[in-house]
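File shown here: my_file01.cif, holding mmCIF, C-alpha atoms.
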data_start
loop_
_atom_site.group_PDB
_atom_site.id
_atom_site.type_symbol
_atom_site.label_atom_id
_atom_site.label_comp_id
_atom_site.auth_asym_id
_atom_site.auth_seq_id
_atom_site.Cartn_x
_atom_site.Cartn_y
_atom_site.Cartn_z
ATOM 1 C CA MET A 1 -45.231 19.572 -73.763
ATOM 2 C CA ALA A 2 -46.949 22.518 -72.064
ATOM 3 C CA ALA A 3 -44.699 25.180 -70.527
ATOM 4 C CA SER A 4 -44.742 25.369 -66.748
ATOM 5 C CA VAL A 5 -45.920 28.383 -64.765
ATOM 6 C CA VAL A 6 -42.780 29.796 -63.150
ATOM 7 C CA LEU A 7 -44.289 32.872 -61.531
ATOM 8 C CA GLU A 8 -47.798 33.853 -60.550
ATOM 9 C CA ALA A 9 -49.295 36.834 -58.745
ATOM 10 C CA ARG A 10 -52.804 36.575 -57.300
ATOM 11 C CA GLY A 11 -54.426 39.770 -56.080
ATOM 12 C CA LEU A 12 -51.029 41.299 -55.340
ATOM 13 C CA THR A 13 -51.489 44.516 -53.365
ATOM 14 C CA ARG A 14 -49.095 46.992 -51.808
ATOM 15 C CA ALA A 15 -50.156 49.908 -49.621
ATOM 16 C CA PHE A 16 -47.824 52.565 -48.288
ATOM 17 C CA THR A 17 -48.968 55.006 -45.615
ATOM 18 C CA GLY A 18 -52.084 56.586 -47.086
ATOM 19 C CA VAL A 19 -51.309 55.402 -50.636
ATOM 20 C CA LEU A 20 -52.483 52.288 -52.470
ATOM 21 C CA ALA A 21 -49.592 51.735 -54.869
ATOM 22 C CA LEU A 22 -50.737 48.357 -56.245
ATOM 23 C CA ASP A 23 -54.306 47.118 -56.231
ATOM 24 C CA ALA A 24 -55.070 43.396 -56.615
ATOM 25 C CA VAL A 25 -52.826 42.600 -59.605
ATOM 26 C CA ASP A 26 -52.908 39.162 -61.235
ATOM 27 C CA LEU A 27 -50.042 37.923 -63.400
ATOM 28 C CA ARG A 28 -49.114 34.508 -64.770
ATOM 29 C CA LEU A 29 -45.720 33.932 -66.386
ATOM 30 C CA LEU A 30 -44.792 30.726 -68.199
ATOM 31 C CA ALA A 31 -41.293 29.471 -68.926
ATOM 32 C CA GLY A 32 -40.267 30.673 -72.394
ATOM 33 C CA GLU A 33 -42.742 33.570 -72.413
ATOM 34 C CA VAL A 34 -42.283 37.352 -72.557
ATOM 35 C CA HIS A 35 -44.667 39.746 -70.778
ATOM 36 C CA ALA A 36 -44.569 43.504 -71.323
ATOM 37 C CA LEU A 37 -45.768 45.598 -68.382
ATOM 38 C CA MET A 38 -47.404 48.751 -69.657
ATOM 39 C CA GLY A 39 -49.165 51.636 -67.981
ATOM 40 C CA GLU A 40 -48.969 55.313 -67.181
ATOM 41 C CA ASN A 41 -46.663 56.788 -64.562
ATOM 42 C CA GLY A 42 -48.018 55.900 -61.128
ATOM 43 C CA ALA A 43 -49.869 52.816 -62.399
ATOM 44 C CA GLY A 44 -47.851 50.519 -60.105
ATOM 45 C CA LYS A 45 -45.420 48.917 -62.573
ATOM 46 C CA SER A 46 -42.330 49.657 -60.488
ATOM 47 C CA THR A 47 -44.052 48.555 -57.283
ATOM 48 C CA LEU A 48 -44.986 45.216 -58.867
ATOM 49 C CA ILE A 49 -41.398 44.720 -60.071
ATOM 50 C CA LYS A 50 -40.042 45.575 -56.615
ATOM 51 C CA ILE A 51 -42.300 42.989 -54.969
ATOM 52 C CA ILE A 52 -41.347 40.258 -57.445
ATOM 53 C CA SER A 53 -37.640 41.111 -57.104
ATOM 54 C CA GLY A 54 -37.742 41.130 -53.286
ATOM 55 C CA LEU A 55 -37.285 44.847 -52.680
ATOM 56 C CA HIS A 56 -40.785 45.291 -51.190
ATOM 57 C CA GLN A 57 -43.254 42.858 -49.668
ATOM 58 C CA GLN A 58 -46.898 42.684 -50.649
ATOM 59 C CA THR A 59 -49.420 43.821 -48.038
ATOM 60 C CA ASP A 60 -52.038 41.478 -49.485
ATOM 61 C CA GLY A 61 -52.356 38.797 -52.135
ATOM 62 C CA GLU A 62 -50.082 35.923 -53.050
ATOM 63 C CA LEU A 63 -46.865 35.580 -55.008
ATOM 64 C CA LEU A 64 -46.165 32.029 -56.172
ATOM 65 C CA VAL A 65 -42.908 30.664 -57.566
ATOM 66 C CA ASP A 66 -43.322 27.221 -59.156
ATOM 67 C CA GLY A 67 -46.764 27.069 -57.534
ATOM 68 C CA GLU A 68 -45.369 27.644 -54.037
ATOM 69 C CA PRO A 69 -46.564 30.741 -52.082
ATOM 70 C CA THR A 70 -43.582 33.007 -51.459
ATOM 71 C CA LYS A 71 -42.872 36.268 -49.671
ATOM 72 C CA PHE A 72 -39.376 37.588 -50.287
ATOM 73 C CA ASN A 73 -37.529 39.456 -47.548
ATOM 74 C CA SER A 74 -34.697 40.606 -49.807
ATOM 75 C CA PRO A 75 -33.515 40.672 -53.428
ATOM 76 C CA LYS A 76 -31.053 37.895 -52.501
ATOM 77 C CA GLU A 77 -33.988 35.596 -51.630
ATOM 78 C CA ALA A 78 -35.577 36.340 -55.019
ATOM 79 C CA LEU A 79 -32.266 35.667 -56.772
ATOM 80 C CA ASP A 80 -31.915 32.366 -54.910
ATOM 81 C CA LYS A 81 -35.292 31.375 -56.403
ATOM 82 C CA GLY A 82 -34.040 32.237 -59.907
ATOM 83 C CA ILE A 83 -35.577 35.715 -60.251
ATOM 84 C CA ALA A 84 -33.012 38.171 -61.645
ATOM 85 C CA THR A 85 -33.701 41.860 -62.161
ATOM 86 C CA VAL A 86 -31.731 44.074 -64.535
ATOM 87 C CA TYR A 87 -32.371 47.690 -63.569
ATOM 88 C CA GLN A 88 -32.089 50.704 -65.847
ATOM 89 C CA ASN A 89 -28.815 51.803 -64.215
ATOM 90 C CA LEU A 90 -27.570 48.169 -64.526
ATOM 91 C CA ALA A 91 -25.751 48.300 -61.150
ATOM 92 C CA VAL A 92 -22.313 48.020 -62.734
ATOM 93 C CA VAL A 93 -18.948 49.467 -61.695
ATOM 94 C CA PRO A 94 -18.048 51.532 -64.796
ATOM 95 C CA LEU A 95 -14.262 51.504 -64.313
ATOM 96 C CA MET A 96 -14.013 47.739 -63.772
ATOM 97 C CA PRO A 97 -13.551 45.389 -66.744
ATOM 98 C CA VAL A 98 -16.447 43.512 -68.284
ATOM 99 C CA TRP A 99 -15.399 40.165 -66.743
ATOM 100 C CA ARG A 100 -15.193 41.638 -63.225
ATOM 101 C CA ASN A 101 -18.684 43.089 -63.608
ATOM 102 C CA PHE A 102 -19.963 39.775 -64.959
ATOM 103 C CA PHE A 103 -18.929 38.078 -61.691
ATOM 104 C CA LEU A 104 -19.546 41.051 -59.385
ATOM 105 C CA GLY A 105 -20.546 39.690 -55.976
ATOM 106 C CA GLN A 106 -20.182 36.077 -57.149
ATOM 107 C CA GLU A 107 -16.465 35.874 -57.862
ATOM 108 C CA LEU A 108 -14.714 32.570 -58.557
ATOM 109 C CA ARG A 109 -11.843 31.600 -56.277
ATOM 110 C CA LYS A 110 -8.959 29.238 -56.910
ATOM 111 C CA LYS A 111 -9.491 25.801 -55.396
ATOM 112 C CA THR A 112 -5.998 25.647 -53.897
ATOM 113 C CA PHE A 113 -4.170 27.866 -51.428
ATOM 114 C CA PRO A 114 -4.012 30.898 -51.326
ATOM 115 C CA PHE A 115 -7.628 30.768 -52.613
ATOM 116 C CA SER A 116 -7.269 34.093 -54.438
ATOM 117 C CA LEU A 117 -9.662 35.207 -57.166
ATOM 118 C CA ASP A 118 -9.449 33.063 -60.285
ATOM 119 C CA ASP A 119 -9.129 35.853 -62.835
ATOM 120 C CA ASN A 120 -8.367 33.519 -65.755
ATOM 121 C CA ALA A 121 -11.421 31.332 -65.122
ATOM 122 C CA MET A 122 -13.659 34.400 -64.815
ATOM 123 C CA ARG A 123 -12.309 35.900 -68.053
ATOM 124 C CA ALA A 124 -12.741 32.620 -69.955
ATOM 125 C CA THR A 125 -16.248 32.029 -68.559
ATOM 126 C CA THR A 126 -17.335 35.568 -69.412
ATOM 127 C CA LEU A 127 -16.132 35.179 -73.013
ATOM 128 C CA SER A 128 -17.789 31.773 -73.324
ATOM 129 C CA GLU A 129 -21.145 32.845 -71.858
ATOM 130 C CA LEU A 130 -21.327 36.016 -73.932
ATOM 131 C CA SER A 131 -20.554 33.936 -77.020
ATOM 132 C CA LYS A 132 -23.341 31.440 -76.189
ATOM 133 C CA MET A 133 -25.795 34.358 -76.230
ATOM 134 C CA GLY A 134 -24.349 35.505 -79.563
ATOM 135 C CA ILE A 135 -22.672 38.533 -77.983
ATOM 136 C CA GLU A 136 -19.320 39.360 -79.533
ATOM 137 C CA LEU A 137 -17.164 41.808 -77.582
ATOM 138 C CA PRO A 138 -13.654 42.562 -78.838
ATOM 139 C CA ASP A 139 -12.190 42.483 -75.332
ATOM 140 C CA VAL A 140 -13.636 41.571 -71.913
ATOM 141 C CA ASP A 141 -10.758 43.468 -70.241
ATOM 142 C CA VAL A 142 -12.143 46.862 -71.289
ATOM 143 C CA ALA A 143 -13.978 48.921 -68.670
ATOM 144 C CA ILE A 144 -17.687 48.171 -68.878
ATOM 145 C CA GLY A 145 -18.330 51.927 -68.746
ATOM 146 C CA SER A 146 -16.718 52.246 -72.185
ATOM 147 C CA LEU A 147 -19.403 50.017 -73.759
ATOM 148 C CA SER A 148 -22.596 51.358 -75.286
ATOM 149 C CA GLY A 149 -25.823 51.150 -73.287
ATOM 150 C CA GLY A 150 -27.022 48.296 -75.492
ATOM 151 C CA GLN A 151 -23.810 46.326 -74.979
ATOM 152 C CA ARG A 152 -24.053 46.745 -71.200
ATOM 153 C CA GLN A 153 -27.663 45.513 -71.299
ATOM 154 C CA ARG A 154 -26.558 42.425 -73.228
ATOM 155 C CA VAL A 155 -23.815 41.666 -70.701
ATOM 156 C CA ALA A 156 -26.371 42.001 -67.876
ATOM 157 C CA ILE A 157 -28.786 39.610 -69.629
ATOM 158 C CA ALA A 158 -26.024 37.028 -70.269
ATOM 159 C CA ARG A 159 -24.922 37.320 -66.626
ATOM 160 C CA ALA A 160 -28.460 36.657 -65.363
ATOM 161 C CA VAL A 161 -28.789 33.614 -67.629
ATOM 162 C CA PHE A 162 -25.412 32.241 -66.505
ATOM 163 C CA PHE A 163 -26.243 32.554 -62.816
ATOM 164 C CA GLY A 164 -29.378 30.466 -63.208
ATOM 165 C CA ALA A 165 -32.154 32.977 -63.715
ATOM 166 C CA ARG A 166 -35.455 31.377 -64.631
ATOM 167 C CA VAL A 167 -37.331 34.668 -64.515
ATOM 168 C CA LEU A 168 -35.665 37.731 -66.006
ATOM 169 C CA ILE A 169 -37.090 41.153 -65.151
ATOM 170 C CA LEU A 170 -35.856 44.057 -67.272
ATOM 171 C CA ASP A 171 -36.681 47.507 -65.916
ATOM 172 C CA GLU A 172 -37.247 49.759 -68.946
ATOM 173 C CA PRO A 173 -34.411 48.101 -70.883
ATOM 174 C CA THR A 174 -34.608 50.387 -73.911
ATOM 175 C CA ALA A 175 -35.401 53.698 -72.164
ATOM 176 C CA ALA A 176 -31.972 55.284 -72.717
ATOM 177 C CA LEU A 177 -31.193 53.572 -76.039
ATOM 178 C CA GLY A 178 -31.508 54.587 -79.661
ATOM 179 C CA VAL A 179 -33.573 52.636 -82.194
ATOM 180 C CA LYS A 180 -30.721 50.391 -83.368
ATOM 181 C CA GLN A 181 -29.508 49.545 -79.855
ATOM 182 C CA SER A 182 -33.091 48.913 -78.711
ATOM 183 C CA GLY A 183 -33.528 46.432 -81.543
ATOM 184 C CA VAL A 184 -30.377 44.579 -80.488
ATOM 185 C CA VAL A 185 -31.522 44.363 -76.845
ATOM 186 C CA LEU A 186 -34.921 43.042 -77.956
ATOM 187 C CA LYS A 187 -33.095 40.357 -79.953
ATOM 188 C CA TYR A 188 -31.360 39.178 -76.767
ATOM 189 C CA ILE A 189 -34.654 39.177 -74.891
ATOM 190 C CA VAL A 190 -35.883 36.728 -77.545
ATOM 191 C CA LYS A 191 -32.699 34.653 -77.021
ATOM 192 C CA ALA A 192 -33.398 34.520 -73.273
ATOM 193 C CA ARG A 193 -36.991 33.467 -73.984
ATOM 194 C CA ASP A 194 -35.788 30.767 -76.376
ATOM 195 C CA ARG A 195 -33.585 29.384 -73.605
ATOM 196 C CA GLY A 196 -36.706 28.847 -71.516
ATOM 197 C CA LEU A 197 -36.668 31.932 -69.292
ATOM 198 C CA GLY A 198 -39.831 33.781 -68.396
ATOM 199 C CA VAL A 199 -39.197 37.458 -69.184
ATOM 200 C CA ILE A 200 -40.972 40.545 -67.850
#

Render the structure in this file as structure tokens.
Amino acid sequence: MAASVVLEARGLTRAFTGVLALDAVDLRLLAGEVHALMGENGAGKSTLIKIISGLHQQTDGELLVDGEPTKFNSPKEALDKGIATVYQNLAVVPLMPVWRNFFLGQELRKKTFPFSLDDNAMRATTLSELSKMGIELPDVDVAIGSLSGGQRQRVAIARAVFFGARVLILDEPTAALGVKQSGVVLKYIVKARDRGLGVI
């Protein structure tokens, strides 16, 4: 069975005052496919990512999700459509434990009064989801800031998969990593692809 097109850009253009940052870019991403965006500084890679992730809007051209023309007004709208972006700085709270960062902004609450946070469910889910991606951490109660850059990247990828991402955008995922850690992150990109995500 042929893979479906999850994301498509047709003539995507973004102009800022006096500057053409992105000029008529076409992109087609299938489910279970990995695309690498390459180009020199100033080529428009970041601008393209920001449009797809809802941070900027295109000034011309079309962005289609599942064949439907879309113009995001915020990153939340992109996330609601299954487009998750993992930025270089990972947007984590370094002093909070891994499980709290995993659910950051999407915390689970107990179903009965007093409806407080369900710490046990979040811990168990974090362990389970990391394990499904083949990520073994000795303890999800440690501060995420104590993990290596590669480990934090893996947690961010597993989190995106768990929260229903169908398109995973990784902003320079290996930029601050050594050779060994980069290889591990690339392995998890392949795992995400094998689970049917389109990866940029």

Next on the checklist: Selection in question (the file shown): the PyMOL selection byres ((chain A and resi 195-197) around 8). Which residues does it include, as a list in words?
Outcome noted: Ala31, Gly32, Glu33, Ala165, Arg166, Val167, Leu168, Lys191, Ala192, Arg193, Asp194, Gly198 and Val199 of chain A

Checklist entry - Got a sec: who's within 8 Å of A:Trp99, counting only C-alpha atoms, leaving out chain neighbours fewer than 2 positions off, as an MDAnalysis selection string? => result chainID A and resid 97 101:103 122:123 126 140:141

Checklist entry - Using only C-alpha atoms, which residues sit within 12 Å of A:Gln57 once same-chain residues fewer than 4 positions away are excluded, as a VMD selection string? => result chain A and resid 12 to 16 22 47 to 53 61 to 63 70 to 75 77 to 78

Step by step, gather every atom of stretch 129-141 of chain A that the file lists, find the box along x, y and z that holds them, add 8 Å on each side, and finally give centre and edge lengths in Å to one decimal, as AutoDock Vina command-line options.
--center_x -18.3 --center_y 37.5 --center_z -74.9 --size_x 31.0 --size_y 28.0 --size_z 25.3

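Proximity to A:Leu79 was assessed for A:Leu64, A:Ala121, A:Phe115, A:Gly54 counting only C-alpha atoms; the smallest distance is recorded for A:Gly54.
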
Checklist entry - How many Å separate atom CA of A:Asp66 from atom CA of A:Gly164? => result 14.9 Å

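Every protein or nucleic acid residue with an atom no more than 12 Å from A:Asp171, counting all atoms listed in the file and leaving out same-chain residues fewer than 4 positions away, appears here: Ala36, Leu37, Met38, Lys45, Ser46, Thr47, Leu48, Ile49, Lys50, Ser53, Ala84, Thr85, Val86, Tyr87, Gln88, Asn89, Leu90, Ala91, Gln153, Ala156, Ile157, Ala175, Ala176, Val199 and Ile200 of chain A.
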
Checklist entry - Hey, what comes out of the PyMOL selection byres ((chain A and resi 119) around 9) on this file? Could you write it as a ChimeraX atom specification? => result /A:99-100,107-110,116-118,120-124

Generate a file of the selected residues that holds C-alpha atoms, formatted as an mmCIF file, keeping the file's coordinate frame.
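selection15.cif, written as the output of this step:
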data_model
loop_
_atom_site.group_PDB
_atom_site.id
_atom_site.type_symbol
_atom_site.label_atom_id
_atom_site.label_comp_id
_atom_site.auth_asym_id
_atom_site.auth_seq_id
_atom_site.Cartn_x
_atom_site.Cartn_y
_atom_site.Cartn_z
ATOM 1 C CA TRP A 99 -15.399 40.165 -66.743
ATOM 2 C CA ARG A 100 -15.193 41.638 -63.225
ATOM 3 C CA GLU A 107 -16.465 35.874 -57.862
ATOM 4 C CA LEU A 108 -14.714 32.570 -58.557
ATOM 5 C CA ARG A 109 -11.843 31.600 -56.277
ATOM 6 C CA LYS A 110 -8.959 29.238 -56.910
ATOM 7 C CA SER A 116 -7.269 34.093 -54.438
ATOM 8 C CA LEU A 117 -9.662 35.207 -57.166
ATOM 9 C CA ASP A 118 -9.449 33.063 -60.285
ATOM 10 C CA ASN A 120 -8.367 33.519 -65.755
ATOM 11 C CA ALA A 121 -11.421 31.332 -65.122
ATOM 12 C CA MET A 122 -13.659 34.400 -64.815
ATOM 13 C CA ARG A 123 -12.309 35.900 -68.053
ATOM 14 C CA ALA A 124 -12.741 32.620 -69.955
#

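Here the question is which of A:Ala158, A:Glu172, A:Phe113, A:Gln151 gets nearest to A:Lys132 using all atoms listed in the file, and that residue is A:Ala158.
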
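Shortest atom-to-atom contact with A:Val98 among A:Val184, A:Leu130, A:Ile144, A:Leu55: A:Ile144, counting all atoms listed in the file.
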
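With all atoms listed in the file as the atoms that count, the residue of A:Ser182, A:Phe163, A:Val93, A:Leu177 with the shortest distance to A:Lys81 is A:Phe163.
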
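In this structure, atom CA of A:Arg10 sits 28.1 Å away from atom CA of A:Leu186.
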
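Between A:Ala143 and the candidates A:Lys111, A:Ser128, A:Ala9, A:Pro94, the tightest atom-to-atom separation, counting all atoms listed in the file, involves A:Pro94.
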
Checklist outcome for this item: Min atom-atom distance to A:Gln58 from the set A:Gly11, A:Gly105, A:Gly178, A:Gly145, counting all atoms listed in the file, belongs to A:Gly11

Within 7 Å of (-22.4, 30.2, -65.9), only C-alpha atoms: residues as a CSV table (one decimal) with C-alpha atoms, in the coordinates of the input?
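Printed below is part.csv as written:
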chain,number,residue,atom,x,y,z
A,125,THR,CA,-16.2,32.0,-68.6
A,129,GLU,CA,-21.1,32.8,-71.9
A,162,PHE,CA,-25.4,32.2,-66.5
A,163,PHE,CA,-26.2,32.6,-62.8

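For the atom pair formed by atom CA of A:Tyr188 and atom CA of A:Glu136, the distance is 12.4 Å, given to one decimal.
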
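Applied to the shown file, the PyMOL selection byres ((chain A and resi 4) around 6) selects the residues A:Ala3, A:Val5, A:Leu30, A:Ala31.
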
All heavy atoms for stretch 70-81 of chain A, written as a compact mmCIF listing (two decimals), in the coordinates of the input, could you do that?
# COMPACT_ATOMS: atom_id res chain seq x y z
N THR A 70 -44.88 32.46 -51.83
CA THR A 70 -43.58 33.01 -51.46
C THR A 70 -43.72 34.46 -51.06
O THR A 70 -44.50 35.20 -51.64
CB THR A 70 -42.61 32.93 -52.67
OG1 THR A 70 -42.57 31.59 -53.15
CG2 THR A 70 -41.22 33.36 -52.30
N LYS A 71 -42.96 34.86 -50.05
CA LYS A 71 -42.87 36.27 -49.67
C LYS A 71 -41.40 36.57 -49.45
O LYS A 71 -40.80 36.08 -48.50
CB LYS A 71 -43.69 36.53 -48.40
CG LYS A 71 -44.10 37.96 -48.22
CD LYS A 71 -45.13 38.11 -47.10
CE LYS A 71 -45.86 39.43 -47.23
NZ LYS A 71 -46.92 39.57 -46.24
N PHE A 72 -40.81 37.32 -50.36
CA PHE A 72 -39.38 37.59 -50.29
C PHE A 72 -39.07 38.67 -49.26
O PHE A 72 -39.77 39.67 -49.18
CB PHE A 72 -38.84 38.03 -51.65
CG PHE A 72 -38.96 36.98 -52.72
CD1 PHE A 72 -39.55 37.27 -53.93
CD2 PHE A 72 -38.49 35.70 -52.51
CE1 PHE A 72 -39.66 36.32 -54.93
CE2 PHE A 72 -38.59 34.72 -53.50
CZ PHE A 72 -39.19 35.04 -54.71
N ASN A 73 -37.99 38.46 -48.51
CA ASN A 73 -37.53 39.46 -47.55
C ASN A 73 -36.38 40.29 -48.08
O ASN A 73 -35.98 41.27 -47.47
CB ASN A 73 -37.09 38.77 -46.24
CG ASN A 73 -38.27 38.13 -45.53
OD1 ASN A 73 -39.26 38.79 -45.25
ND2 ASN A 73 -38.17 36.83 -45.28
N SER A 74 -35.83 39.87 -49.23
CA SER A 74 -34.70 40.61 -49.81
C SER A 74 -34.53 40.21 -51.27
O SER A 74 -34.99 39.14 -51.68
CB SER A 74 -33.41 40.27 -49.04
OG SER A 74 -33.04 38.93 -49.31
N PRO A 75 -33.83 41.05 -52.04
CA PRO A 75 -33.52 40.67 -53.43
C PRO A 75 -32.70 39.39 -53.51
O PRO A 75 -32.82 38.63 -54.46
CB PRO A 75 -32.73 41.88 -53.95
CG PRO A 75 -33.21 43.02 -53.13
CD PRO A 75 -33.45 42.44 -51.76
N LYS A 76 -31.86 39.13 -52.52
CA LYS A 76 -31.05 37.90 -52.50
C LYS A 76 -31.95 36.67 -52.47
O LYS A 76 -31.69 35.67 -53.15
CB LYS A 76 -30.13 37.92 -51.27
CG LYS A 76 -29.37 36.64 -51.02
CD LYS A 76 -28.11 36.56 -51.86
CE LYS A 76 -27.18 35.45 -51.46
NZ LYS A 76 -27.59 34.11 -51.77
N GLU A 77 -33.05 36.72 -51.69
CA GLU A 77 -33.99 35.60 -51.63
C GLU A 77 -34.64 35.37 -52.99
O GLU A 77 -34.84 34.23 -53.41
CB GLU A 77 -35.05 35.83 -50.56
CG GLU A 77 -34.52 35.69 -49.15
CD GLU A 77 -35.62 35.80 -48.10
OE1 GLU A 77 -36.82 35.80 -48.46
OE2 GLU A 77 -35.27 35.91 -46.91
N ALA A 78 -34.99 36.46 -53.68
CA ALA A 78 -35.58 36.34 -55.02
C ALA A 78 -34.57 35.73 -55.99
O ALA A 78 -34.91 34.84 -56.78
CB ALA A 78 -36.05 37.71 -55.52
N LEU A 79 -33.32 36.18 -55.90
CA LEU A 79 -32.27 35.67 -56.77
C LEU A 79 -32.03 34.18 -56.52
O LEU A 79 -31.83 33.40 -57.45
CB LEU A 79 -30.98 36.46 -56.54
CG LEU A 79 -29.92 36.43 -57.63
CD1 LEU A 79 -30.49 36.81 -58.99
CD2 LEU A 79 -28.77 37.35 -57.27
N ASP A 80 -32.08 33.78 -55.25
CA ASP A 80 -31.92 32.37 -54.91
C ASP A 80 -33.01 31.49 -55.51
O ASP A 80 -32.82 30.30 -55.73
CB ASP A 80 -31.88 32.18 -53.39
CG ASP A 80 -30.59 32.72 -52.77
OD1 ASP A 80 -29.62 32.98 -53.52
OD2 ASP A 80 -30.56 32.92 -51.53
N LYS A 81 -34.18 32.10 -55.77
CA LYS A 81 -35.29 31.38 -56.40
C LYS A 81 -35.25 31.50 -57.93
O LYS A 81 -36.17 31.06 -58.62
CB LYS A 81 -36.63 31.91 -55.89
CG LYS A 81 -36.96 31.52 -54.48
CD LYS A 81 -37.56 30.13 -54.44
CE LYS A 81 -38.15 29.84 -53.07
NZ LYS A 81 -38.74 28.51 -53.00
